[in-house]
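S.K.: I'd like to ask some things about the structure below.
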Amino acid sequence: MGRTARRSYELDDIDIVPSRRTRSSKEVSTTWQLDAYRFEIPIVTHPTDALVSPSFAIELGKRGGLGVLNGEGLWGRHADVEAKLERLFEMADSDDDDRAIAYLQELHAAPLQPNLLAAAVAQVRDAGVTTAVRVSPQNARALTPQLVEAGIDLLVIHGTIISAEHVAHGDSEPLNLKTFIGGLDVPVVAGGVSDHRTALHLMRTGAAGVIVGYGSTPGTTTTGEVLGIGVPMATAIADAAAARRDYLDETGGRYVHVLADGDILSSGDLAKAIACGADAAVLGAPLAVSAEAPGNGWYWPSAAAHPSVPRGALLPVALGERPTLDRVLTGPSDDPFGSLNLVGGLRRSMAKSGYSDLKEFQKVGLSVHG
């Protein structure tokens with residue numbers, strides 16, 4: 001009594017309901033465009049050092065996706081990242097989780113070195129792929145000028161929970177995203193959000209894209225345990241898609257992309273996220289199994305290295321021989337549960353439902369279990 005709660009749904013709670021003619025999966029397009037940048041597949045990386053090195057961003061970019069480098073991660077703090085990661089893997093292999101997290105915190109306590117960050121950005125940019133870098137709301141004002149000067153194409157302002165105005169500690173001026181984004185010459189993607197109102201507020205700041213969710217992956221992300229905050233992804237994506245429609249009407253035609261970040265572990269999850277209204281998905285662990293990922297079979301979210309409230313753990317996602325990134329994205333697959341050939345599974349789901357592109361597939365029917 002005196003409190004109400006809304007019934008919400010996870011991706012596992014819903015199913016896609018085909019209702020149109022089927023078509024060949026070869027007739028399906030998975031392309032999408034964010035501002036001036038076109039991508040062949042609707043896959044963006046979670047900005048964690050476990051997944052995105054400059055070389056991985058290049059490899060994913062060549063395959064039509066978008067790799068987002070963590071601007072506050074290890075590649076901007078240490079010249080010998082590979083050696084540091086090897087030591088981290090030794091701790092993880094010894095099942096010393098607390099020590100591994102403490103070591104991650106220690107590595108991130110090192111000061112950012114602008115020359116290292118600029119070199120990482122230059123490596124990706126010079127390869128000819130779209131260059132995207134993530135910063136936190138707390139450090140956006142300080143780091144963005146350096147990143148713009150280094151030549152980034154897209155800026156990602158990403159936190160566990162983000163709002164249109166971030167109030168900092170002490171006498172620091174609040175970060176007003178509308179003012180901040182309006183003064184930039186590069187498009188901005190911001191998130192995460194979990195409801196219609198916050199998504200709409202972020203769209204009104206001028207963001208080109210809004211991230212929904214906080215990268216939740218069973219076994220790694222502990223935001224629910226630490227903060228008590230949870231994001232039911234099916235409902236959150238649908239709410240953000242509704243905010244996108246409202247903002248489209250409000251502005252007379254400005255379209256803001258919705259990127260789903262959380263609980264997407266298979267090609268079926270990817271298809272459901274698009275069906276709920278996402279334009280693309282932000283993936284972490286499903287890509288970290290690949291041989292090209294710097295995590296060597298281990299995965300952790302970027303929030304795992306928070307200096308005082310870590311919200312993630314190291315999880316072994318690939319034991320033994322790891323599949324290539326090509327197999328993860330486009331197959332061939334020998335896994336009957338959808339962890340490989342993610343894009344192929346999405347294409348097949350779209351084809352079985354009769355839709356030829358991602359925008360149309362957002363109209364597919366959905367059902368709720370029970």
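Residues are referred to by chain and number: the chain letter is A, B, ... according to the order shown in the structure tokens, the number counts from 1 in that chain, and ligands are numbered separately from 1 in the order shown.
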Near range 280-288 of chain A, counting only C-alpha atoms, which residues have an atom at most 6 Å away, once you skip same-chain residues fewer than 5 positions from it, shown as a ChimeraX atom specification?
M.R.: /A:42-46,51,259-261,265,293
S.K.: To one decimal place in Å, what is the distance between CA of Ala304 in chain A and CA of Ile101 in chain A?
M.R.: 6.9 Å
S.K.: For range 16-22 of chain A, work out the shell of residues within 12 Å, counting only C-alpha atoms and skipping chain neighbours fewer than 5 positions away, then give it as a PDB file with C-alpha atoms, in the first residue's frame.
M.R.:
```pdb
ATOM      1  CA  LEU A  11      14.278 -10.087 -23.493  1.00  0.00           C
ATOM      2  CA  GLU A  27      17.496 -10.423 -49.519  1.00  0.00           C
ATOM      3  CA  VAL A  28      17.870  -8.908 -46.029  1.00  0.00           C
ATOM      4  CA  ALA A 234      12.682  -5.436 -23.485  1.00  0.00           C
ATOM      5  CA  GLY A 268      18.068 -14.507 -30.881  1.00  0.00           C
ATOM      6  CA  ASP A 269      18.609 -11.845 -28.213  1.00  0.00           C
ATOM      7  CA  LEU A 270      19.990  -9.530 -30.875  1.00  0.00           C
ATOM      8  CA  ALA A 271      16.915 -10.059 -33.028  1.00  0.00           C
ATOM      9  CA  LYS A 272      14.593  -9.410 -30.074  1.00  0.00           C
ATOM     10  CA  ALA A 273      16.399  -6.182 -29.212  1.00  0.00           C
ATOM     11  CA  ILE A 274      15.929  -4.893 -32.763  1.00  0.00           C
ATOM     12  CA  ALA A 275      12.312  -6.070 -32.731  1.00  0.00           C
ATOM     13  CA  CYS A 276      11.688  -4.066 -29.545  1.00  0.00           C
ATOM     14  CA  LEU A 346      19.577 -11.914 -37.080  1.00  0.00           C
ATOM     15  CA  ARG A 347      19.277 -12.025 -40.861  1.00  0.00           C
ATOM     16  CA  ARG A 348      17.506 -15.377 -40.704  1.00  0.00           C
ATOM     17  CA  SER A 349      15.049 -14.082 -38.073  1.00  0.00           C
ATOM     18  CA  MET A 350      14.269 -11.041 -40.233  1.00  0.00           C
ATOM     19  CA  ALA A 351      13.821 -13.247 -43.305  1.00  0.00           C
ATOM     20  CA  LYS A 352      11.542 -15.725 -41.520  1.00  0.00           C
ATOM     21  CA  SER A 353       9.406 -12.782 -40.390  1.00  0.00           C
ATOM     22  CA  GLY A 354       9.271 -11.294 -43.881  1.00  0.00           C
ATOM     23  CA  TYR A 355      11.194  -8.054 -43.277  1.00  0.00           C
ATOM     24  CA  SER A 356      13.961  -6.787 -45.509  1.00  0.00           C
ATOM     25  CA  GLU A 360      10.900  -2.531 -40.967  1.00  0.00           C
ATOM     26  CA  PHE A 361      11.821  -5.312 -38.545  1.00  0.00           C
ATOM     27  CA  GLN A 362      11.067  -2.966 -35.624  1.00  0.00           C
ATOM     28  CA  LYS A 363       7.382  -3.438 -36.567  1.00  0.00           C
ATOM     29  CA  VAL A 364       7.375  -7.241 -36.150  1.00  0.00           C
ATOM     30  CA  GLY A 365       4.852  -8.762 -33.765  1.00  0.00           C
ATOM     31  CA  LEU A 366       5.858  -9.678 -30.209  1.00  0.00           C
ATOM     32  CA  SER A 367       4.344 -11.926 -27.581  1.00  0.00           C
ATOM     33  CA  VAL A 368       4.909 -12.146 -23.824  1.00  0.00           C
ATOM     34  CA  HIS A 369       5.367 -15.486 -22.052  1.00  0.00           C
TER      35      HIS A 369
END
```
S.K.: Which distance in Å separates CA of Thr30 in chain A and CA of Val343 in chain A, to one decimal?
M.R.: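 Result for CA of Thr30 in chain A versus CA of Val343 in chain A: 8.1 Å, one decimal.
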S.K.: I want to know what sits within 9 Å of range 326-336 of chain A, based on only C-alpha atoms, with residues of the same chain fewer than 3 positions away left out; could you give that as a VMD selection string?
M.R.: chain A and resid 63 286 to 287 289 to 290 323 339 to 345
S.K.: Keeping only C-alpha atoms, write the selected residues as an mmCIF file, in the first residue's frame.
M.R.:
```cif
data_model
loop_
_atom_site.group_PDB
_atom_site.id
_atom_site.type_symbol
_atom_site.label_atom_id
_atom_site.label_comp_id
_atom_site.auth_asym_id
_atom_site.auth_seq_id
_atom_site.Cartn_x
_atom_site.Cartn_y
_atom_site.Cartn_z
ATOM 1 C CA ARG A 63 33.632 -5.960 -40.864
ATOM 2 C CA PRO A 286 29.525 -12.273 -27.045
ATOM 3 C CA LEU A 287 32.394 -10.574 -28.912
ATOM 4 C CA VAL A 289 35.072 -14.893 -27.053
ATOM 5 C CA SER A 290 36.807 -14.058 -30.336
ATOM 6 C CA PRO A 323 36.667 -18.647 -32.611
ATOM 7 C CA SER A 339 26.496 -17.665 -29.733
ATOM 8 C CA LEU A 340 28.161 -17.786 -33.165
ATOM 9 C CA ASN A 341 27.030 -16.263 -36.459
ATOM 10 C CA LEU A 342 25.236 -13.449 -34.631
ATOM 11 C CA VAL A 343 24.529 -11.447 -37.758
ATOM 12 C CA GLY A 344 23.517 -14.533 -39.706
ATOM 13 C CA GLY A 345 20.992 -15.436 -37.016
#
```
S.K.: Enumerate, in order of chain and increasing residue number, the residues of range 21-113 of chain A with an atom no farther than 12 Å from range 179-186 of chain A, each with its shortest atom pair and distance in Å to one decimal, counting only C-alpha atoms, as CSV.
M.R.:
```
residue,atom,partner,partner_atom,distance
A:Leu34,CA,A:Val186,CA,11.6
A:Asp35,CA,A:Val186,CA,9.5
A:Ala36,CA,A:Val186,CA,10.1
A:Tyr37,CA,A:Val186,CA,11.3
```
S.K.: If you run DSSP on the backbone here, which positions in range 147-332 of chain A get strand (DSSP E)? Please write them as an MDAnalysis selection string.
M.R.: chainID A and resid 154:158 165:166 175:176 188:193 209:216 257:262 280:283 298:299 315:316
S.K.: Pick from A:Leu248, A:Val210, A:Ala92, A:Ala100: nearest to Ala278 in chain A, with only C-alpha atoms counted?
M.R.: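 Checking each of A:Leu248, A:Val210, A:Ala92, A:Ala100 against Ala278 in chain A, counting only C-alpha atoms, the winner is A:Val210.
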S.K.: Looking at A:Ala122, A:Val156, A:Ile211, A:Leu315, which one is nearest to Ala199 in chain A, with distances taken over only C-alpha atoms?
M.R.: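 Distance minimum relative to Ala199 in chain A lands on A:Ile211.
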S.K.: Please indicate the distance in Å from CA of Gly67 in chain A to CA of His158 in chain A, rounded to one decimal place.
M.R.: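 CA of His158 in chain A lies at a distance of 14.1 Å from CA of Gly67 in chain A.
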S.K.: I need the residue nearest Val309 in chain A from this list: A:Ala127, A:Ala132, A:Val188, A:Ala102. Use only C-alpha atoms for the distance.
M.R.: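 For Val309 in chain A, the nearest of the candidates is A:Ala102.
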S.K.: Taking 4 positions as the minimum chain separation for residues in the same chain, which residues sit within 7 Å of Val189 in chain A when counting only C-alpha atoms? Answer as a ChimeraX atom specification.
M.R.: /A:155-157,207-210
S.K.: Write the selection just made, keeping N, CA and C atoms, as a PDB file, in the first residue's frame?
M.R.:
```pdb
ATOM      1  N   LEU A 155      31.807  10.666 -30.428  1.00  0.00           N
ATOM      2  CA  LEU A 155      32.074  10.693 -28.991  1.00  0.00           C
ATOM      3  C   LEU A 155      30.953   9.953 -28.276  1.00  0.00           C
ATOM      4  N   VAL A 156      31.311   9.061 -27.371  1.00  0.00           N
ATOM      5  CA  VAL A 156      30.335   8.318 -26.580  1.00  0.00           C
ATOM      6  C   VAL A 156      30.475   8.747 -25.120  1.00  0.00           C
ATOM      7  N   ILE A 157      29.454   9.398 -24.584  1.00  0.00           N
ATOM      8  CA  ILE A 157      29.434   9.774 -23.172  1.00  0.00           C
ATOM      9  C   ILE A 157      28.622   8.705 -22.457  1.00  0.00           C
ATOM     10  N   ALA A 207      21.833  14.694 -28.762  1.00  0.00           N
ATOM     11  CA  ALA A 207      22.572  13.450 -28.983  1.00  0.00           C
ATOM     12  C   ALA A 207      22.094  12.765 -30.259  1.00  0.00           C
ATOM     13  N   ALA A 208      23.039  12.182 -30.988  1.00  0.00           N
ATOM     14  CA  ALA A 208      22.693  11.451 -32.202  1.00  0.00           C
ATOM     15  C   ALA A 208      22.193  10.047 -31.888  1.00  0.00           C
ATOM     16  N   GLY A 209      22.568   9.547 -30.716  1.00  0.00           N
ATOM     17  CA  GLY A 209      22.143   8.225 -30.298  1.00  0.00           C
ATOM     18  C   GLY A 209      22.043   8.142 -28.795  1.00  0.00           C
ATOM     19  N   VAL A 210      21.172   7.266 -28.308  1.00  0.00           N
ATOM     20  CA  VAL A 210      20.968   7.061 -26.873  1.00  0.00           C
ATOM     21  C   VAL A 210      21.170   5.585 -26.557  1.00  0.00           C
TER      22      VAL A 210
END
```
S.K.: Taking 4 positions as the minimum chain separation for residues in the same chain, which residues sit within 10 Å of Pro111 in chain A when counting only C-alpha atoms? Answer as a PyMOL selection string.
M.R.: chain A and resi 72+74+76-78+107
S.K.: Go ahead and write the selection's residues with N, CA and C atoms as a short mmCIF file (atom, residue, chain, number, x, y, z; two decimals), in the first residue's frame.
M.R.:
```
data_model
loop_
_atom_site.label_atom_id
_atom_site.label_comp_id
_atom_site.auth_asym_id
_atom_site.auth_seq_id
_atom_site.Cartn_x
_atom_site.Cartn_y
_atom_site.Cartn_z
N GLU A 72 39.13 6.34 -21.05
CA GLU A 72 39.67 6.37 -19.70
C GLU A 72 40.24 5.01 -19.31
N LEU A 74 42.92 1.48 -20.25
CA LEU A 74 44.34 1.19 -20.12
C LEU A 74 45.17 1.71 -21.28
N GLY A 76 45.07 4.42 -22.71
CA GLY A 76 45.43 5.81 -22.50
C GLY A 76 46.25 6.04 -21.24
N ARG A 77 46.57 4.95 -20.52
CA ARG A 77 47.30 5.09 -19.25
C ARG A 77 48.65 4.37 -19.24
N HIS A 78 48.79 3.32 -20.05
CA HIS A 78 50.01 2.50 -19.99
C HIS A 78 50.53 2.23 -21.40
N LEU A 107 45.56 -0.37 -11.92
CA LEU A 107 45.94 0.02 -13.28
C LEU A 107 45.22 1.29 -13.72
#
```
S.K.: I want to know what sits within 8 Å of range 239-242 of chain A, based on only C-alpha atoms, with residues of the same chain fewer than 2 positions away left out; could you give that as a JSON list (two decimals) with N, CA and C atoms, in the first residue's frame?
M.R.:
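So the final result, stored in part36.json, reads:
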```
[["chain", "number", "residue", "atom", "x", "y", "z"],
["A", 194, "SER", "N", 17.15, 4.01, -18.84],
["A", 194, "SER", "CA", 16.29, 2.83, -18.70],
["A", 194, "SER", "C", 14.81, 3.17, -18.78],
["A", 195, "ASP", "N", 14.46, 4.42, -19.05],
["A", 195, "ASP", "CA", 13.04, 4.78, -19.09],
["A", 195, "ASP", "C", 12.78, 5.83, -20.15],
["A", 196, "HIS", "N", 11.52, 6.02, -20.47],
["A", 196, "HIS", "CA", 11.08, 6.93, -21.51],
["A", 196, "HIS", "C", 11.50, 8.37, -21.21],
["A", 199, "ALA", "N", 15.31, 8.98, -21.55],
["A", 199, "ALA", "CA", 15.68, 8.85, -22.96],
["A", 199, "ALA", "C", 15.27, 10.10, -23.73],
["A", 200, "LEU", "N", 14.06, 10.60, -23.48],
["A", 200, "LEU", "CA", 13.58, 11.79, -24.18],
["A", 200, "LEU", "C", 14.43, 13.01, -23.80],
["A", 212, "VAL", "N", 20.61, 2.42, -24.22],
["A", 212, "VAL", "CA", 19.63, 1.91, -23.26],
["A", 212, "VAL", "C", 20.24, 0.72, -22.54],
["A", 235, "THR", "N", 11.45, -3.96, -22.01],
["A", 235, "THR", "CA", 10.65, -2.78, -21.69],
["A", 235, "THR", "C", 11.45, -1.50, -21.89],
["A", 236, "ALA", "N", 12.71, -1.50, -21.46],
["A", 236, "ALA", "CA", 13.54, -0.29, -21.58],
["A", 236, "ALA", "C", 13.75, 0.09, -23.04],
["A", 237, "ILE", "N", 14.00, -0.88, -23.91],
["A", 237, "ILE", "CA", 14.18, -0.59, -25.33],
["A", 237, "ILE", "C", 12.89, -0.03, -25.93],
["A", 244, "ARG", "N", 11.81, 8.05, -28.85],
["A", 244, "ARG", "CA", 12.32, 8.42, -30.18],
["A", 244, "ARG", "C", 11.19, 8.87, -31.09],
["A", 245, "ARG", "N", 10.08, 8.16, -31.05],
["A", 245, "ARG", "CA", 8.92, 8.54, -31.87],
["A", 245, "ARG", "C", 8.35, 9.88, -31.41],
["A", 246, "ASP", "N", 8.26, 10.07, -30.10],
["A", 246, "ASP", "CA", 7.75, 11.34, -29.58],
["A", 246, "ASP", "C", 8.67, 12.49, -29.97],
["A", 258, "VAL", "N", 18.59, 4.41, -31.17],
["A", 258, "VAL", "CA", 18.53, 3.72, -29.88],
["A", 258, "VAL", "C", 19.46, 2.52, -29.94],
["A", 276, "CYS", "N", 12.25, -4.95, -30.56],
["A", 276, "CYS", "CA", 11.69, -4.07, -29.55],
["A", 276, "CYS", "C", 11.86, -2.59, -29.90],
["A", 277, "GLY", "N", 12.70, -2.30, -30.89],
["A", 277, "GLY", "CA", 12.86, -0.92, -31.32],
["A", 277, "GLY", "C", 14.28, -0.41, -31.39],
["A", 278, "ALA", "N", 15.28, -1.24, -31.06],
["A", 278, "ALA", "CA", 16.67, -0.79, -31.12],
["A", 278, "ALA", "C", 17.13, -0.68, -32.57]]
```
S.K.: Got a sec to tell me which of range 13-161 of chain A DSSP assigns to alpha helix (DSSP H), as a PyMOL selection string?
M.R.: chain A and resi 54-62+81-93+97-109+114-126+140-150
